[in-house]
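Enquirer: I have a structure here, written as structure tokens, and I will follow up with some questions on it.
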There are 2 protein chains.
Amino acid sequence: MAMTDPPRPSGPSQRAIPEGDDRERLVCVECGFVLYDNPKIVVGSVARWGDKILLCRRAINPRRGFWTLPAGYLELNETTRAGAEREAWEEARAKLAIETLLAIYDIPRLSQVQLIYRARLIDDNVAAGPESLEVGLFGWDEIPWNEIAFPSVHWALGHEKDVQATGDLAPRGNPPPETSPSTPVAPPGL
Amino acid sequence: MAMTDPPRPSGPSQRAIPEGDDRERLVCVECGFVLYDNPKIVVGSVARWGDKILLCRRAINPRRGFWTLPAGYLELNETTRAGAEREAWEEARAKLAIETLLAIYDIPRLSQVQLIYRARLIDDNVAAGPESLEVGLFGWDEIPWNEIAFPSVHWALGHEKDVQATGDLAPRGNPPPETSPSTPVAPPGL
């Protein structure tokens, strides 16, 4: 291949509206395959051991070195609870007793829906899996709040704290967008 | 092409474990594209107008001619509530005020997670969209129980009735598997 040849397209890489559809999808110019890409489901847990919470320090990007909850993509033919259990095992060698759904977070920018369960650790034998640098059990005042990997980890920890304070088990959703003092507040009705 | 040539493979159609992965994915033998197929999110609603429930008679397979709730696949960059609103518009020309989450159903056999919201209709102007033969508003004793399209539609209608009876808004999940008199019941602990 000459050095000036453009890179060969790999898989569905061109946007087109398939026949009978109403929006653009990625299609493969080589074989005509249409990729019906869909939002992804992230399953995870806020897992407790006594009054401590399980966190994992990420060994992979994005946000390598920052702390997160055990969570990841749901696999095919898996229930959401089984997925949350699997992720806790893969990332922290933790065995969970899943309880109620803590929260559903919509992350439309990333085409993600996150389902985060409350859980109890079966024992305190936890250890870093291949995607974690280290794992730990943290009291509320020990959590490394300034080294948290993602906003939704902040949300879930805050929502768990709220459940513990109020006893209200109704699942939470995205918090309202933050307003800073310099941000004008929309008038009522907008 | 000779009549005896095998059909040309279209898109990712061969199973293989990609480098660095731990399970089989579908890959394209022509260009090497790896399809990371994921479970799909179905969003829908049980929408009320007074004491009546909105149902749609399916114009498409599977289960053409049977009654269902307005529901369908979440699209990219869409929130789950916006998806439930869109589906109600597409299938029943219905405008919703979404309320709380009624239920999460895991359908691992189909690699689906269903998120069903409770909703109120803004008005009773409803009409069949392109995927519906007809739509209707049904009181509990008018629902065509023997012509319901899918088990999860039965579950959601039962759960809505239960919410109305008890006032308990906690989201429901899959009902326990049905046992018939001829099915041996597992002893306690199994």
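Letters for chains follow the order of the structure tokens (A, B, ...), residue numbers begin at 1 for each chain, and ligand numbers begin at 1 in the order shown.
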Taking only C-alpha atoms into account, which residues of chain B are within 8 Å of chain A, as an NGL selection string?
Expert: :B and (9-12 or 28 or 31-34 or 37-41 or 74-80 or 106-113 or 169-171)
Enquirer: As a list in words, please: the residues near Gly72 in chain A (cut-off 9 Å, only C-alpha atoms, same-chain neighbours under 4 positions excluded).
Expert: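 The neighbour list is Ile41, Val42, Val43, Gly44, Gly83, Ala84, Glu87 and Gln114 of chain A.
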Enquirer: Export, as a compact mmCIF listing (two decimals), in the first residue's frame, the selected residues with C-alpha atoms.
Expert:
# COMPACT_ATOMS: atom_id res chain seq x y z
CA ILE A 41 -26.19 0.08 30.59
CA VAL A 42 -23.69 0.57 33.41
CA VAL A 43 -24.34 -1.50 36.54
CA GLY A 44 -22.60 -0.90 39.84
CA GLY A 83 -23.83 -7.59 36.47
CA ALA A 84 -23.32 -5.49 39.61
CA GLU A 87 -18.21 -6.02 38.47
CA GLN A 114 -26.37 3.78 35.12
Enquirer: If we count only C-alpha atoms and set the cut-off at 7 Å, which residues sit around Ala149 in chain A, ignoring sequence neighbours fewer than 3 positions away in its own chain? Please answer as a ChimeraX atom specification.
Expert: /A:63,66-68
Enquirer: Those residues with all heavy atoms, as a compact mmCIF listing (two decimals), in the first residue's frame please?
Expert:
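So the final result, stored in again-v2.txt, reads:
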# COMPACT_ATOMS: atom_id res chain seq x y z
N ARG A 63 -9.31 8.48 33.76
CA ARG A 63 -9.24 8.78 35.19
C ARG A 63 -8.44 7.74 35.96
O ARG A 63 -8.80 7.38 37.09
CB ARG A 63 -10.64 8.97 35.78
CG ARG A 63 -11.44 10.09 35.11
CD ARG A 63 -10.92 11.44 35.41
NE ARG A 63 -11.44 11.96 36.68
CZ ARG A 63 -10.93 13.01 37.30
NH1 ARG A 63 -9.90 13.67 36.77
NH2 ARG A 63 -11.44 13.43 38.43
N PHE A 66 -7.72 7.60 40.03
CA PHE A 66 -8.81 8.18 40.81
C PHE A 66 -9.72 7.08 41.34
O PHE A 66 -9.71 5.94 40.86
CB PHE A 66 -9.60 9.17 39.95
CG PHE A 66 -8.86 10.46 39.71
CD1 PHE A 66 -7.84 10.53 38.75
CD2 PHE A 66 -9.16 11.61 40.44
CE1 PHE A 66 -7.14 11.71 38.53
CE2 PHE A 66 -8.46 12.79 40.24
CZ PHE A 66 -7.45 12.85 39.27
N TRP A 67 -10.50 7.41 42.35
CA TRP A 67 -11.32 6.42 43.06
C TRP A 67 -12.73 6.34 42.47
O TRP A 67 -13.33 7.35 42.11
CB TRP A 67 -11.40 6.77 44.55
CG TRP A 67 -10.09 6.60 45.24
CD1 TRP A 67 -9.10 7.53 45.38
CD2 TRP A 67 -9.61 5.41 45.88
NE1 TRP A 67 -8.03 7.00 46.07
CE2 TRP A 67 -8.33 5.69 46.38
CE3 TRP A 67 -10.14 4.12 46.07
CZ2 TRP A 67 -7.57 4.74 47.07
CZ3 TRP A 67 -9.39 3.18 46.76
CH2 TRP A 67 -8.11 3.49 47.24
N THR A 68 -13.25 5.12 42.42
CA THR A 68 -14.57 4.91 41.84
C THR A 68 -15.29 3.80 42.59
O THR A 68 -14.72 3.11 43.43
CB THR A 68 -14.44 4.56 40.34
OG1 THR A 68 -15.73 4.59 39.74
CG2 THR A 68 -13.81 3.18 40.13
Enquirer: Could you pull out the strand (DSSP E) residues of range 31-69 of chain B, going by DSSP on the backbone, and write them as a PDB file with N, CA, C and O atoms, in the first residue's frame?
Expert:
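Dumped to part-v6.pdb:
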ATOM      1  N   VAL B  34     -14.740  -5.253  15.281  1.00  0.00           N
ATOM      2  CA  VAL B  34     -15.267  -6.042  16.406  1.00  0.00           C
ATOM      3  C   VAL B  34     -16.573  -5.407  16.866  1.00  0.00           C
ATOM      4  O   VAL B  34     -16.622  -4.212  17.166  1.00  0.00           O
ATOM      5  N   LEU B  35     -17.634  -6.205  16.911  1.00  0.00           N
ATOM      6  CA  LEU B  35     -18.926  -5.704  17.370  1.00  0.00           C
ATOM      7  C   LEU B  35     -19.057  -5.966  18.864  1.00  0.00           C
ATOM      8  O   LEU B  35     -19.235  -7.112  19.285  1.00  0.00           O
ATOM      9  N   LYS B  40     -29.851  -4.149  25.481  1.00  0.00           N
ATOM     10  CA  LYS B  40     -30.603  -2.973  25.046  1.00  0.00           C
ATOM     11  C   LYS B  40     -31.558  -2.511  26.136  1.00  0.00           C
ATOM     12  O   LYS B  40     -32.057  -3.300  26.925  1.00  0.00           O
ATOM     13  N   ILE B  41     -31.784  -1.204  26.140  1.00  0.00           N
ATOM     14  CA  ILE B  41     -32.674  -0.587  27.116  1.00  0.00           C
ATOM     15  C   ILE B  41     -34.009  -0.303  26.450  1.00  0.00           C
ATOM     16  O   ILE B  41     -34.059   0.400  25.437  1.00  0.00           O
ATOM     17  N   VAL B  42     -35.071  -0.862  27.010  1.00  0.00           N
ATOM     18  CA  VAL B  42     -36.425  -0.557  26.555  1.00  0.00           C
ATOM     19  C   VAL B  42     -37.038   0.432  27.545  1.00  0.00           C
ATOM     20  O   VAL B  42     -36.957   0.224  28.753  1.00  0.00           O
ATOM     21  N   VAL B  43     -37.594   1.506  27.021  1.00  0.00           N
ATOM     22  CA  VAL B  43     -38.267   2.494  27.883  1.00  0.00           C
ATOM     23  C   VAL B  43     -39.739   2.551  27.496  1.00  0.00           C
ATOM     24  O   VAL B  43     -40.081   2.470  26.316  1.00  0.00           O
ATOM     25  N   GLY B  44     -40.598   2.661  28.491  1.00  0.00           N
ATOM     26  CA  GLY B  44     -42.031   2.693  28.213  1.00  0.00           C
ATOM     27  C   GLY B  44     -42.795   3.276  29.377  1.00  0.00           C
ATOM     28  O   GLY B  44     -42.199   3.767  30.348  1.00  0.00           O
ATOM     29  N   SER B  45     -44.115   3.232  29.262  1.00  0.00           N
ATOM     30  CA  SER B  45     -44.934   3.870  30.289  1.00  0.00           C
ATOM     31  C   SER B  45     -46.265   3.166  30.454  1.00  0.00           C
ATOM     32  O   SER B  45     -46.801   2.578  29.519  1.00  0.00           O
ATOM     33  N   VAL B  46     -46.762   3.250  31.689  1.00  0.00           N
ATOM     34  CA  VAL B  46     -48.175   2.985  31.959  1.00  0.00           C
ATOM     35  C   VAL B  46     -48.794   4.359  32.162  1.00  0.00           C
ATOM     36  O   VAL B  46     -48.530   5.021  33.170  1.00  0.00           O
ATOM     37  N   ALA B  47     -49.556   4.801  31.155  1.00  0.00           N
ATOM     38  CA  ALA B  47     -50.058   6.177  31.134  1.00  0.00           C
ATOM     39  C   ALA B  47     -51.556   6.184  31.447  1.00  0.00           C
ATOM     40  O   ALA B  47     -52.321   5.433  30.846  1.00  0.00           O
ATOM     41  N   ARG B  48     -51.946   7.051  32.391  1.00  0.00           N
ATOM     42  CA  ARG B  48     -53.334   7.101  32.858  1.00  0.00           C
ATOM     43  C   ARG B  48     -54.051   8.347  32.333  1.00  0.00           C
ATOM     44  O   ARG B  48     -53.480   9.437  32.233  1.00  0.00           O
ATOM     45  N   TRP B  49     -55.343   8.158  32.016  1.00  0.00           N
ATOM     46  CA  TRP B  49     -56.235   9.299  31.804  1.00  0.00           C
ATOM     47  C   TRP B  49     -57.418   9.038  32.719  1.00  0.00           C
ATOM     48  O   TRP B  49     -58.216   8.137  32.461  1.00  0.00           O
ATOM     49  N   LYS B  52     -58.416   5.365  33.452  1.00  0.00           N
ATOM     50  CA  LYS B  52     -58.177   4.518  32.281  1.00  0.00           C
ATOM     51  C   LYS B  52     -56.691   4.468  31.921  1.00  0.00           C
ATOM     52  O   LYS B  52     -55.942   5.390  32.220  1.00  0.00           O
ATOM     53  N   ILE B  53     -56.301   3.364  31.269  1.00  0.00           N
ATOM     54  CA  ILE B  53     -54.895   3.106  30.920  1.00  0.00           C
ATOM     55  C   ILE B  53     -54.763   3.066  29.393  1.00  0.00           C
ATOM     56  O   ILE B  53     -55.601   2.475  28.708  1.00  0.00           O
ATOM     57  N   LEU B  54     -53.698   3.692  28.895  1.00  0.00           N
ATOM     58  CA  LEU B  54     -53.443   3.730  27.454  1.00  0.00           C
ATOM     59  C   LEU B  54     -52.794   2.428  26.972  1.00  0.00           C
ATOM     60  O   LEU B  54     -51.758   2.023  27.495  1.00  0.00           O
ATOM     61  N   LEU B  55     -53.412   1.793  25.987  1.00  0.00           N
ATOM     62  CA  LEU B  55     -52.826   0.620  25.345  1.00  0.00           C
ATOM     63  C   LEU B  55     -52.818   0.803  23.829  1.00  0.00           C
ATOM     64  O   LEU B  55     -53.636   1.559  23.278  1.00  0.00           O
ATOM     65  N   CYS B  56     -51.897   0.105  23.161  1.00  0.00           N
ATOM     66  CA  CYS B  56     -51.738   0.189  21.702  1.00  0.00           C
ATOM     67  C   CYS B  56     -51.826  -1.233  21.134  1.00  0.00           C
ATOM     68  O   CYS B  56     -51.189  -2.142  21.668  1.00  0.00           O
ATOM     69  N   ARG B  57     -52.550  -1.372  20.018  1.00  0.00           N
ATOM     70  CA  ARG B  57     -52.599  -2.685  19.353  1.00  0.00           C
ATOM     71  C   ARG B  57     -51.525  -2.701  18.277  1.00  0.00           C
ATOM     72  O   ARG B  57     -51.502  -1.840  17.391  1.00  0.00           O
ATOM     73  N   ARG B  58     -50.610  -3.681  18.354  1.00  0.00           N
ATOM     74  CA  ARG B  58     -49.409  -3.684  17.540  1.00  0.00           C
ATOM     75  C   ARG B  58     -49.707  -3.897  16.054  1.00  0.00           C
ATOM     76  O   ARG B  58     -50.414  -4.823  15.686  1.00  0.00           O
ATOM     77  N   TRP B  67     -52.168  -6.382  22.192  1.00  0.00           N
ATOM     78  CA  TRP B  67     -52.121  -5.087  22.871  1.00  0.00           C
ATOM     79  C   TRP B  67     -50.867  -4.947  23.724  1.00  0.00           C
ATOM     80  O   TRP B  67     -50.444  -5.896  24.377  1.00  0.00           O
ATOM     81  N   THR B  68     -50.316  -3.736  23.711  1.00  0.00           N
ATOM     82  CA  THR B  68     -49.081  -3.486  24.454  1.00  0.00           C
ATOM     83  C   THR B  68     -49.091  -2.084  25.042  1.00  0.00           C
ATOM     84  O   THR B  68     -49.976  -1.278  24.737  1.00  0.00           O
TER      85      THR B  68
END
Enquirer: Give me, please, the distance in Å between CA of Arg93 in chain B and CA of Asn61 in chain B, quoted to one decimal.
Expert: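 These atoms are spaced 20.0 Å apart.
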Enquirer: So what do you get for CA of Ser13 in chain A versus CA of Leu26 in chain A, distance-wise?
Expert: 5.6 Å
Enquirer: Which of range 110-147 of chain B end up as helix (DSSP H, G or I) when DSSP is run on this backbone - answer as number ranges by chain?
Expert: B: 110, 140-142, 145-147
Enquirer: Show me, as an MDAnalysis selection string, the residues that have an atom within 9 Å of Ala128 in chain A when counting only C-alpha atoms, minus same-chain residues fewer than 5 positions from it.
Expert: chainID A and resid 56:57 90:93 133:136
Enquirer: Which one of B:Val163, B:Ala103, B:Leu157, B:Ala88 sits closest to Asn125 in chain B if you count only C-alpha atoms?
Expert: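 Looking at the shortest contact to Asn125 in chain B, the residue is B:Ala88.
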